[in-house]
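Undergrad: target-v8.pdb (PDB, C-alpha atoms, pLDDT in the B column) pasted underneath:
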```
ATOM      1  CA  MET A  25     170.901-131.117-134.704  1.00 65.00           C
ATOM      2  CA  GLY A  26     174.160-129.648-133.452  1.00 72.00           C
ATOM      3  CA  SER A  27     172.899-129.007-129.922  1.00 81.00           C
ATOM      4  CA  PRO A  28     170.855-131.007-127.389  1.00 90.00           C
ATOM      5  CA  LYS A  29     167.205-130.979-128.463  1.00 93.00           C
ATOM      6  CA  ALA A  30     165.878-130.916-124.899  1.00 94.00           C
ATOM      7  CA  TRP A  31     167.381-127.441-124.447  1.00 94.00           C
ATOM      8  CA  LEU A  32     166.100-125.877-127.668  1.00 94.00           C
ATOM      9  CA  GLU A  33     163.806-122.906-127.076  1.00 95.00           C
ATOM     10  CA  PHE A  34     160.297-123.080-128.461  1.00 95.00           C
ATOM     11  CA  GLU A  35     157.746-120.368-127.717  1.00 94.00           C
ATOM     12  CA  GLY A  36     159.423-119.310-124.479  1.00 94.00           C
ATOM     13  CA  GLU A  37     160.198-122.750-123.050  1.00 95.00           C
ATOM     14  CA  THR A  38     162.572-125.597-123.761  1.00 96.00           C
ATOM     15  CA  LEU A  39     161.360-128.385-126.022  1.00 96.00           C
ATOM     16  CA  LEU A  40     161.567-130.789-123.081  1.00 97.00           C
ATOM     17  CA  ALA A  41     159.446-128.509-120.872  1.00 96.00           C
ATOM     18  CA  ARG A  42     156.915-128.095-123.685  1.00 97.00           C
ATOM     19  CA  VAL A  43     156.523-131.832-124.276  1.00 97.00           C
ATOM     20  CA  VAL A  44     156.296-132.551-120.535  1.00 97.00           C
ATOM     21  CA  ARG A  45     153.659-129.831-120.128  1.00 96.00           C
ATOM     22  CA  ARG A  46     151.555-131.160-123.013  1.00 97.00           C
ATOM     23  CA  ILE A  47     151.696-134.746-121.746  1.00 97.00           C
ATOM     24  CA  ALA A  48     150.870-133.594-118.203  1.00 96.00           C
ATOM     25  CA  GLU A  49     147.544-132.304-119.534  1.00 97.00           C
ATOM     26  CA  VAL A  50     146.386-135.921-119.938  1.00 96.00           C
ATOM     27  CA  ALA A  51     148.788-138.274-118.152  1.00 95.00           C
ATOM     28  CA  SER A  52     150.434-138.742-114.790  1.00 95.00           C
ATOM     29  CA  PRO A  53     152.959-139.585-113.486  1.00 96.00           C
ATOM     30  CA  ILE A  54     155.547-138.445-116.004  1.00 97.00           C
ATOM     31  CA  VAL A  55     158.992-139.972-116.347  1.00 97.00           C
ATOM     32  CA  VAL A  56     161.760-138.353-118.371  1.00 97.00           C
ATOM     33  CA  VAL A  57     164.379-140.831-119.563  1.00 96.00           C
ATOM     34  CA  ALA A  58     167.888-139.527-120.150  1.00 94.00           C
ATOM     35  CA  ALA A  59     171.121-141.053-121.359  1.00 91.00           C
ATOM     36  CA  PRO A  60     173.825-141.713-118.776  1.00 90.00           C
ATOM     37  CA  GLY A  61     175.308-138.358-117.774  1.00 89.00           C
ATOM     38  CA  GLN A  62     172.976-136.353-120.030  1.00 91.00           C
ATOM     39  CA  ALA A  63     172.274-132.860-118.700  1.00 93.00           C
ATOM     40  CA  LEU A  64     168.644-131.791-118.786  1.00 95.00           C
ATOM     41  CA  PRO A  65     166.777-128.558-118.216  1.00 94.00           C
ATOM     42  CA  THR A  66     165.075-128.292-114.836  1.00 91.00           C
ATOM     43  CA  LEU A  67     162.102-130.620-114.666  1.00 91.00           C
ATOM     44  CA  PRO A  68     158.784-129.577-113.152  1.00 90.00           C
ATOM     45  CA  GLU A  69     158.064-130.749-109.634  1.00 92.00           C
ATOM     46  CA  GLY A  70     156.784-134.313-109.548  1.00 93.00           C
ATOM     47  CA  VAL A  71     158.396-135.376-112.832  1.00 96.00           C
ATOM     48  CA  LEU A  72     160.509-138.470-112.320  1.00 96.00           C
ATOM     49  CA  LEU A  73     163.913-138.959-113.918  1.00 96.00           C
ATOM     50  CA  ALA A  74     165.135-142.345-115.135  1.00 96.00           C
ATOM     51  CA  ARG A  75     168.491-143.010-116.759  1.00 94.00           C
ATOM     52  CA  ASP A  76     169.234-145.476-119.516  1.00 91.00           C
ATOM     53  CA  PRO A  77     171.578-148.001-117.979  1.00 87.00           C
ATOM     54  CA  VAL A  78     173.606-148.208-121.198  1.00 85.00           C
ATOM     55  CA  ARG A  79     174.388-145.410-123.662  1.00 83.00           C
ATOM     56  CA  GLY A  80     173.703-145.820-127.368  1.00 83.00           C
ATOM     57  CA  ARG A  81     171.186-148.679-127.362  1.00 87.00           C
ATOM     58  CA  GLY A  82     168.459-146.684-129.042  1.00 89.00           C
ATOM     59  CA  PRO A  83     164.827-145.992-128.289  1.00 93.00           C
ATOM     60  CA  LEU A  84     163.943-149.503-127.112  1.00 95.00           C
ATOM     61  CA  GLN A  85     166.407-149.124-124.217  1.00 95.00           C
ATOM     62  CA  GLY A  86     164.833-145.790-123.299  1.00 95.00           C
ATOM     63  CA  ILE A  87     161.339-147.250-123.477  1.00 96.00           C
ATOM     64  CA  ALA A  88     162.470-150.040-121.140  1.00 96.00           C
ATOM     65  CA  ALA A  89     163.889-147.562-118.630  1.00 96.00           C
ATOM     66  CA  GLY A  90     160.677-145.535-118.668  1.00 96.00           C
ATOM     67  CA  LEU A  91     158.422-148.568-118.265  1.00 97.00           C
ATOM     68  CA  ASP A  92     160.576-149.893-115.426  1.00 96.00           C
ATOM     69  CA  ALA A  93     160.282-146.558-113.604  1.00 97.00           C
ATOM     70  CA  LEU A  94     156.494-146.788-113.729  1.00 97.00           C
ATOM     71  CA  VAL A  95     156.016-150.286-112.318  1.00 96.00           C
ATOM     72  CA  GLY A  96     153.289-150.070-109.705  1.00 95.00           C
ATOM     73  CA  ARG A  97     152.296-146.558-110.830  1.00 96.00           C
ATOM     74  CA  ALA A  98     150.630-147.199-114.202  1.00 95.00           C
ATOM     75  CA  SER A  99     149.412-150.010-116.424  1.00 95.00           C
ATOM     76  CA  ALA A 100     150.160-148.228-119.704  1.00 96.00           C
ATOM     77  CA  VAL A 101     152.248-145.254-120.763  1.00 96.00           C
ATOM     78  CA  PHE A 102     152.477-142.782-123.581  1.00 98.00           C
ATOM     79  CA  VAL A 103     156.048-142.690-124.880  1.00 97.00           C
ATOM     80  CA  SER A 104     157.266-139.523-126.557  1.00 97.00           C
ATOM     81  CA  SER A 105     160.494-138.111-127.849  1.00 95.00           C
ATOM     82  CA  THR A 106     161.650-134.652-126.781  1.00 95.00           C
ATOM     83  CA  ASP A 107     161.565-133.157-130.258  1.00 96.00           C
ATOM     84  CA  VAL A 108     157.840-132.979-131.032  1.00 97.00           C
ATOM     85  CA  PRO A 109     156.920-129.313-130.576  1.00 97.00           C
ATOM     86  CA  PHE A 110     153.372-129.738-131.875  1.00 98.00           C
ATOM     87  CA  LEU A 111     152.388-132.713-129.703  1.00 98.00           C
ATOM     88  CA  HIS A 112     148.706-132.391-128.838  1.00 98.00           C
ATOM     89  CA  PRO A 113     147.040-134.169-125.901  1.00 98.00           C
ATOM     90  CA  ALA A 114     144.285-135.297-128.275  1.00 98.00           C
ATOM     91  CA  LEU A 115     146.759-137.703-129.911  1.00 98.00           C
ATOM     92  CA  ILE A 116     147.485-139.298-126.549  1.00 98.00           C
ATOM     93  CA  ARG A 117     143.795-139.681-125.765  1.00 97.00           C
ATOM     94  CA  ARG A 118     143.109-141.153-129.221  1.00 98.00           C
ATOM     95  CA  LEU A 119     145.894-143.732-128.950  1.00 98.00           C
ATOM     96  CA  HIS A 120     144.748-144.653-125.450  1.00 97.00           C
ATOM     97  CA  ALA A 121     141.213-145.219-126.716  1.00 97.00           C
ATOM     98  CA  LEU A 122     142.441-147.271-129.672  1.00 97.00           C
ATOM     99  CA  ARG A 123     144.616-149.481-127.436  1.00 96.00           C
ATOM    100  CA  GLY A 124     141.730-150.175-125.085  1.00 94.00           C
ATOM    101  CA  ASP A 125     142.092-153.115-122.728  1.00 91.00           C
ATOM    102  CA  SER A 126     142.727-155.832-125.301  1.00 93.00           C
ATOM    103  CA  LEU A 127     145.981-154.610-126.883  1.00 97.00           C
ATOM    104  CA  ASP A 128     149.510-154.172-125.579  1.00 97.00           C
ATOM    105  CA  ILE A 129     150.582-151.334-127.868  1.00 98.00           C
ATOM    106  CA  ALA A 130     148.999-148.680-130.085  1.00 98.00           C
ATOM    107  CA  VAL A 131     151.488-147.045-132.436  1.00 98.00           C
ATOM    108  CA  PRO A 132     150.858-144.555-135.237  1.00 98.00           C
ATOM    109  CA  ARG A 133     151.852-145.534-138.750  1.00 96.00           C
ATOM    110  CA  ALA A 134     151.421-142.251-140.517  1.00 93.00           C
ATOM    111  CA  LYS A 135     153.194-139.869-142.871  1.00 84.00           C
ATOM    112  CA  GLY A 136     155.100-142.818-144.285  1.00 89.00           C
ATOM    113  CA  HIS A 137     156.634-143.936-140.968  1.00 92.00           C
ATOM    114  CA  TYR A 138     156.038-145.890-137.795  1.00 95.00           C
ATOM    115  CA  HIS A 139     156.150-143.623-134.735  1.00 97.00           C
ATOM    116  CA  PRO A 140     157.330-145.787-131.822  1.00 96.00           C
ATOM    117  CA  LEU A 141     158.146-142.635-129.857  1.00 96.00           C
ATOM    118  CA  SER A 142     154.554-141.403-130.081  1.00 97.00           C
ATOM    119  CA  ALA A 143     152.826-144.549-128.914  1.00 98.00           C
ATOM    120  CA  ILE A 144     151.018-146.150-125.990  1.00 98.00           C
ATOM    121  CA  TYR A 145     152.737-149.172-124.415  1.00 98.00           C
ATOM    122  CA  GLY A 146     151.304-151.426-121.765  1.00 97.00           C
ATOM    123  CA  LEU A 147     153.689-152.307-118.961  1.00 96.00           C
ATOM    124  CA  SER A 148     153.008-155.869-120.116  1.00 95.00           C
ATOM    125  CA  ALA A 149     155.654-155.182-122.800  1.00 96.00           C
ATOM    126  CA  ARG A 150     158.505-155.075-120.259  1.00 97.00           C
ATOM    127  CA  ALA A 151     159.453-158.757-120.488  1.00 97.00           C
ATOM    128  CA  GLU A 152     159.416-158.774-124.296  1.00 97.00           C
ATOM    129  CA  ILE A 153     161.513-155.605-124.414  1.00 97.00           C
ATOM    130  CA  ALA A 154     164.033-157.137-122.010  1.00 97.00           C
ATOM    131  CA  ALA A 155     164.266-160.239-124.204  1.00 97.00           C
ATOM    132  CA  LEU A 156     164.806-158.150-127.332  1.00 97.00           C
ATOM    133  CA  LEU A 157     167.486-156.034-125.651  1.00 96.00           C
ATOM    134  CA  ALA A 158     169.259-159.173-124.418  1.00 96.00           C
ATOM    135  CA  ALA A 159     169.269-160.502-127.991  1.00 96.00           C
ATOM    136  CA  ASP A 160     170.526-157.158-129.380  1.00 95.00           C
ATOM    137  CA  ARG A 161     167.327-156.779-131.399  1.00 95.00           C
ATOM    138  CA  LEU A 162     167.032-153.056-130.788  1.00 94.00           C
ATOM    139  CA  ARG A 163     164.394-151.933-133.271  1.00 92.00           C
ATOM    140  CA  PRO A 164     160.960-151.217-131.752  1.00 93.00           C
ATOM    141  CA  PHE A 165     159.353-152.927-134.738  1.00 92.00           C
ATOM    142  CA  PHE A 166     160.595-156.277-133.396  1.00 95.00           C
ATOM    143  CA  LEU A 167     158.447-155.615-130.329  1.00 96.00           C
ATOM    144  CA  PHE A 168     155.395-154.854-132.451  1.00 96.00           C
ATOM    145  CA  GLU A 169     155.741-158.264-134.084  1.00 94.00           C
ATOM    146  CA  ARG A 170     155.769-160.004-130.680  1.00 95.00           C
ATOM    147  CA  MET A 171     152.956-158.151-128.915  1.00 97.00           C
ATOM    148  CA  ARG A 172     149.296-157.425-129.567  1.00 97.00           C
ATOM    149  CA  THR A 173     149.914-154.203-131.472  1.00 97.00           C
ATOM    150  CA  LEU A 174     147.605-151.852-133.295  1.00 97.00           C
ATOM    151  CA  LEU A 175     149.298-149.971-136.132  1.00 97.00           C
ATOM    152  CA  ALA A 176     147.094-146.921-136.419  1.00 97.00           C
ATOM    153  CA  ASP A 177     147.185-145.349-139.864  1.00 97.00           C
ATOM    154  CA  GLU A 178     146.225-141.722-140.498  1.00 97.00           C
ATOM    155  CA  ASP A 179     142.610-142.552-141.322  1.00 97.00           C
ATOM    156  CA  LEU A 180     142.127-144.533-138.125  1.00 97.00           C
ATOM    157  CA  LEU A 181     143.787-141.847-136.014  1.00 97.00           C
ATOM    158  CA  LEU A 182     141.612-139.130-137.512  1.00 97.00           C
ATOM    159  CA  GLU A 183     138.361-141.079-137.066  1.00 96.00           C
ATOM    160  CA  GLY A 184     138.426-139.650-133.564  1.00 81.00           C
ATOM    161  CA  ASP A 185     136.519-136.368-133.562  1.00 93.00           C
ATOM    162  CA  GLU A 186     138.751-134.715-130.967  1.00 96.00           C
ATOM    163  CA  LEU A 187     142.029-135.415-132.768  1.00 97.00           C
ATOM    164  CA  ARG A 188     140.579-134.519-136.181  1.00 96.00           C
ATOM    165  CA  ALA A 189     139.467-131.149-134.775  1.00 97.00           C
ATOM    166  CA  ALA A 190     142.626-130.458-132.743  1.00 97.00           C
ATOM    167  CA  ASP A 191     145.322-131.747-135.092  1.00 97.00           C
ATOM    168  CA  PRO A 192     143.949-132.591-138.551  1.00 97.00           C
ATOM    169  CA  GLU A 193     147.422-132.540-140.126  1.00 96.00           C
ATOM    170  CA  LEU A 194     148.835-134.808-137.398  1.00 97.00           C
ATOM    171  CA  LEU A 195     151.541-132.285-136.594  1.00 97.00           C
ATOM    172  CA  SER A 196     151.844-134.131-133.272  1.00 97.00           C
ATOM    173  CA  LEU A 197     153.922-136.704-135.143  1.00 97.00           C
ATOM    174  CA  GLU A 198     156.406-134.255-136.662  1.00 95.00           C
ATOM    175  CA  ASN A 199     159.764-134.086-134.971  1.00 93.00           C
ATOM    176  CA  VAL A 200     162.690-131.760-135.458  1.00 94.00           C
ATOM    177  CA  ASN A 201     165.874-133.646-136.308  1.00 92.00           C
ATOM    178  CA  THR A 202     167.794-130.972-138.189  1.00 93.00           C
ATOM    179  CA  PRO A 203     168.364-127.235-137.826  1.00 93.00           C
ATOM    180  CA  GLU A 204     166.230-126.762-140.943  1.00 95.00           C
ATOM    181  CA  GLN A 205     163.299-128.686-139.437  1.00 94.00           C
ATOM    182  CA  TYR A 206     163.651-126.693-136.199  1.00 94.00           C
ATOM    183  CA  ALA A 207     163.649-123.393-138.144  1.00 94.00           C
ATOM    184  CA  ALA A 208     160.568-124.532-140.105  1.00 94.00           C
ATOM    185  CA  ALA A 209     158.735-125.404-136.880  1.00 95.00           C
ATOM    186  CA  LEU A 210     159.584-122.014-135.406  1.00 95.00           C
ATOM    187  CA  ALA A 211     158.421-120.319-138.601  1.00 93.00           C
ATOM    188  CA  ARG A 212     155.133-122.224-138.453  1.00 91.00           C
ATOM    189  CA  VAL A 213     154.249-120.741-135.047  1.00 88.00           C
ATOM    190  CA  ARG A 214     155.378-117.244-136.007  1.00 81.00           C
ATOM    191  CA  THR A 215     153.035-116.972-138.982  1.00 69.00           C
TER     192      THR A 215
END
```
Take the structure in the file and write it out as structure tokens.

TA:
Amino acid sequence: MGSPKAWLEFEGETLLARVVRRIAEVASPIVVVAAPGQALPTLPEGVLLARDPVRGRGPLQGIAAGLDALVGRASAVFVSSTDVPFLHPALIRRLHALRGDSLDIAVPRAKGHYHPLSAIYGLSARAEIAALLAADRLRPFFLFERMRTLLADEDLLLEGDELRAADPELLSLENVNTPEQYAAALARVRT
């Protein structure tokens, strides 16, 4: 991207503040996971900060840090990246409903990709994540193979009336990884 995504401005707030605000509409407590030494914009009161213990180990390490910070506070969590400006709370509610009580994980498989950073994880995944990290198996997909995981395709996600009405294009799953994608997202809200 060329600059830290958490600090990018989007409709008068940083991307991090926007994502935290949207998640706070449906979930609590909220934990922001940062790399060692990573500077972040000011977090709203009550938002917890967790640090990855090791830099450069990818999203599975961040998921582990977030789950560990919520032990005793939650049984399941919605995991999100910072760079999803169109995240809608309806996606979180839909994934939570799809996961139910019988599954460990509900992850979207839409728009040609798995979205492990837009998924619901039960804290029951902590031990499996630790084992994968210890074995240097850092891809979230390895976790999906080991746990009771629902891979929710676009049709299944949009069977929920609320999500279909709120986000029929599943823009919640679009992230901004390049300056061009960021500019396109900004243009989308300005039209």

Undergrad: Hey, what comes out of the PyMOL selection byres ((chain A and resi 117) around 10) on this file? Could you write it as a list in words?

TA: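 Evaluating the PyMOL selection byres ((chain A and resi 117) around 10) on this file yields Val50, Ala51, Phe102, His112, Pro113, Ala114, Leu115, Ile116, Arg118, Leu119, His120, Ala121, Leu122, Arg123, Ile144, Gly184, Glu186 and Leu187 of chain A.
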
Undergrad: With the PyMOL selection byres ((chain A and resi 32) around 12) as the selection, what would be picked from this file? Answer as a tab-separated table (two decimals) with C-alpha atoms, keeping the file's coordinate frame, please.

TA:
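Output saved as selection-v3.tsv:
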```
chain	number	residue	atom	x	y	z
A	25	MET	CA	170.90	-131.12	-134.70
A	26	GLY	CA	174.16	-129.65	-133.45
A	27	SER	CA	172.90	-129.01	-129.92
A	28	PRO	CA	170.86	-131.01	-127.39
A	29	LYS	CA	167.20	-130.98	-128.46
A	30	ALA	CA	165.88	-130.92	-124.90
A	31	TRP	CA	167.38	-127.44	-124.45
A	33	GLU	CA	163.81	-122.91	-127.08
A	34	PHE	CA	160.30	-123.08	-128.46
A	35	GLU	CA	157.75	-120.37	-127.72
A	36	GLY	CA	159.42	-119.31	-124.48
A	37	GLU	CA	160.20	-122.75	-123.05
A	38	THR	CA	162.57	-125.60	-123.76
A	39	LEU	CA	161.36	-128.38	-126.02
A	40	LEU	CA	161.57	-130.79	-123.08
A	41	ALA	CA	159.45	-128.51	-120.87
A	42	ARG	CA	156.92	-128.10	-123.68
A	43	VAL	CA	156.52	-131.83	-124.28
A	64	LEU	CA	168.64	-131.79	-118.79
A	65	PRO	CA	166.78	-128.56	-118.22
A	106	THR	CA	161.65	-134.65	-126.78
A	107	ASP	CA	161.56	-133.16	-130.26
A	108	VAL	CA	157.84	-132.98	-131.03
A	109	PRO	CA	156.92	-129.31	-130.58
A	200	VAL	CA	162.69	-131.76	-135.46
A	201	ASN	CA	165.87	-133.65	-136.31
A	202	THR	CA	167.79	-130.97	-138.19
A	203	PRO	CA	168.36	-127.24	-137.83
A	206	TYR	CA	163.65	-126.69	-136.20
A	207	ALA	CA	163.65	-123.39	-138.14
A	209	ALA	CA	158.74	-125.40	-136.88
A	210	LEU	CA	159.58	-122.01	-135.41
```

Undergrad: Set the distance at 7 Å and use all atoms listed in the file: which residues neighbour Pro164 (chain A) once local chain neighbours fewer than 2 positions away are removed? I'd like the list as JSON, numbers by chain.

TA: {"A": [84, 140, 162, 166, 167, 168]}

Undergrad: Hey, what comes out of the PyMOL selection byres ((chain A and resi 91) around 12) on this file? Could you write it as number ranges by chain?

TA: A: 53-57, 72-76, 84-90, 92-103, 144-154

Undergrad: I'd like the interatomic distance between CA of Thr173 (chain A) and CA of Ala48 (chain A), to a tenth of an Å.

TA: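 Going from CA of Thr173 (chain A) over to CA of Ala48 (chain A) covers 24.5 Å.
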
Undergrad: Would you compute the distance between CA of Phe165 (chain A) and CA of Tyr138 (chain A)? Give it in Å to one decimal.

TA: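 Between CA of Phe165 (chain A) and CA of Tyr138 (chain A) the gap is 8.4 Å.
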
Undergrad: From the options A:Glu178, A:Glu183, A:Glu204, A:Glu193, which residue's atoms come nearest to Val131 (chain A), counting all atoms listed in the file?

TA: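 Under the stated criterion, the closest residue is A:Glu178.
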
Undergrad: For CA of Pro60 (chain A) and CA of Leu111 (chain A), quote the distance in Å rounded to one decimal.

TA: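 For CA of Pro60 (chain A) relative to CA of Leu111 (chain A), the distance reads 25.7 Å.
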
Undergrad: Point out the residue among A:Leu175, A:Asp191, A:Glu198, A:Arg212 with the least atom-to-atom distance to Ser105 (chain A), counting only C-alpha atoms.

TA: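 With only C-alpha atoms as the atom set, the closest residue is A:Glu198.
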
Undergrad: How big is the axis-aligned box, and where does its centre sit, when it encloses all atoms of region 104-114 of chain A listed in the file and has 5 Å added on every side, reported in Å to one decimal as lines of an AutoDock Vina configuration file?

TA:
```
center_x = 153.0
center_y = -134.4
center_z = -128.9
size_x = 27.4
size_y = 20.2
size_z = 16.0
```

Undergrad: So, counting all atoms listed in the file, which residue among A:Ala155, A:Leu197, A:Ala189, A:Ala211 is closest to Asp177 (chain A)?

TA: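 Among the listed residues, the smallest separation from Asp177 (chain A) belongs to A:Leu197.
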
Undergrad: Rank nothing, just name the residue among A:Phe110, A:Arg172, A:Arg161, A:His137 nearest to Leu194 (chain A), using all atoms listed in the file.

TA: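 Under the stated criterion, the closest residue is A:Phe110.
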
Undergrad: Looking at A:Ala176, A:Val44, A:Val71, A:Val78, which one is nearest to Ala59 (chain A), with distances taken over only C-alpha atoms?

TA: A:Val78

Undergrad: Please complete region 168-188 of chain A so it has N, CA and C atoms, and hand it over as a short mmCIF file (atom, residue, chain, number, x, y, z; two decimals), in the coordinates of the input.

TA:
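Okay, rebuild24.cif is ready:
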```cif
data_model
loop_
_atom_site.label_atom_id
_atom_site.label_comp_id
_atom_site.auth_asym_id
_atom_site.auth_seq_id
_atom_site.Cartn_x
_atom_site.Cartn_y
_atom_site.Cartn_z
N PHE A 168 156.74 -154.88 -131.88
CA PHE A 168 155.40 -154.85 -132.45
C PHE A 168 155.01 -156.22 -133.02
N GLU A 169 156.00 -156.93 -133.54
CA GLU A 169 155.74 -158.26 -134.08
C GLU A 169 155.43 -159.29 -132.99
N ARG A 170 155.89 -159.04 -131.77
CA ARG A 170 155.77 -160.00 -130.68
C ARG A 170 154.60 -159.73 -129.74
N MET A 171 154.01 -158.55 -129.85
CA MET A 171 152.96 -158.15 -128.92
C MET A 171 151.66 -157.87 -129.69
N ARG A 172 150.58 -157.80 -128.96
CA ARG A 172 149.30 -157.43 -129.57
C ARG A 172 149.36 -155.92 -129.83
N THR A 173 149.63 -155.59 -131.09
CA THR A 173 149.91 -154.20 -131.47
C THR A 173 148.95 -153.71 -132.53
N LEU A 174 148.42 -152.52 -132.29
CA LEU A 174 147.60 -151.85 -133.29
C LEU A 174 148.49 -150.83 -134.00
N LEU A 175 148.60 -150.96 -135.31
CA LEU A 175 149.30 -149.97 -136.13
C LEU A 175 148.23 -149.03 -136.67
N ALA A 176 148.17 -147.86 -136.10
CA ALA A 176 147.09 -146.92 -136.42
C ALA A 176 147.50 -146.00 -137.57
N ASP A 177 146.88 -146.22 -138.73
CA ASP A 177 147.18 -145.35 -139.86
C ASP A 177 146.48 -144.00 -139.70
N GLU A 178 146.76 -143.08 -140.60
CA GLU A 178 146.22 -141.72 -140.50
C GLU A 178 144.70 -141.71 -140.45
N ASP A 179 144.07 -142.53 -141.29
CA ASP A 179 142.61 -142.55 -141.32
C ASP A 179 142.04 -143.00 -139.99
N LEU A 180 142.61 -144.04 -139.41
CA LEU A 180 142.13 -144.53 -138.12
C LEU A 180 142.36 -143.49 -137.02
N LEU A 181 143.52 -142.88 -137.02
CA LEU A 181 143.79 -141.85 -136.01
C LEU A 181 142.78 -140.71 -136.11
N LEU A 182 142.48 -140.29 -137.32
CA LEU A 182 141.61 -139.13 -137.51
C LEU A 182 140.12 -139.46 -137.49
N GLU A 183 139.77 -140.74 -137.28
CA GLU A 183 138.36 -141.08 -137.07
C GLU A 183 137.88 -140.51 -135.75
N GLY A 184 138.79 -140.25 -134.84
CA GLY A 184 138.43 -139.65 -133.56
C GLY A 184 138.12 -138.17 -133.75
N ASP A 185 136.94 -137.76 -133.35
CA ASP A 185 136.52 -136.37 -133.56
C ASP A 185 137.47 -135.37 -132.91
N GLU A 186 137.91 -135.67 -131.68
CA GLU A 186 138.75 -134.72 -130.97
C GLU A 186 140.08 -134.49 -131.69
N LEU A 187 140.74 -135.56 -132.09
CA LEU A 187 142.03 -135.42 -132.77
C LEU A 187 141.85 -134.75 -134.13
N ARG A 188 140.82 -135.13 -134.87
CA ARG A 188 140.58 -134.52 -136.18
C ARG A 188 140.38 -133.01 -136.04
#
```
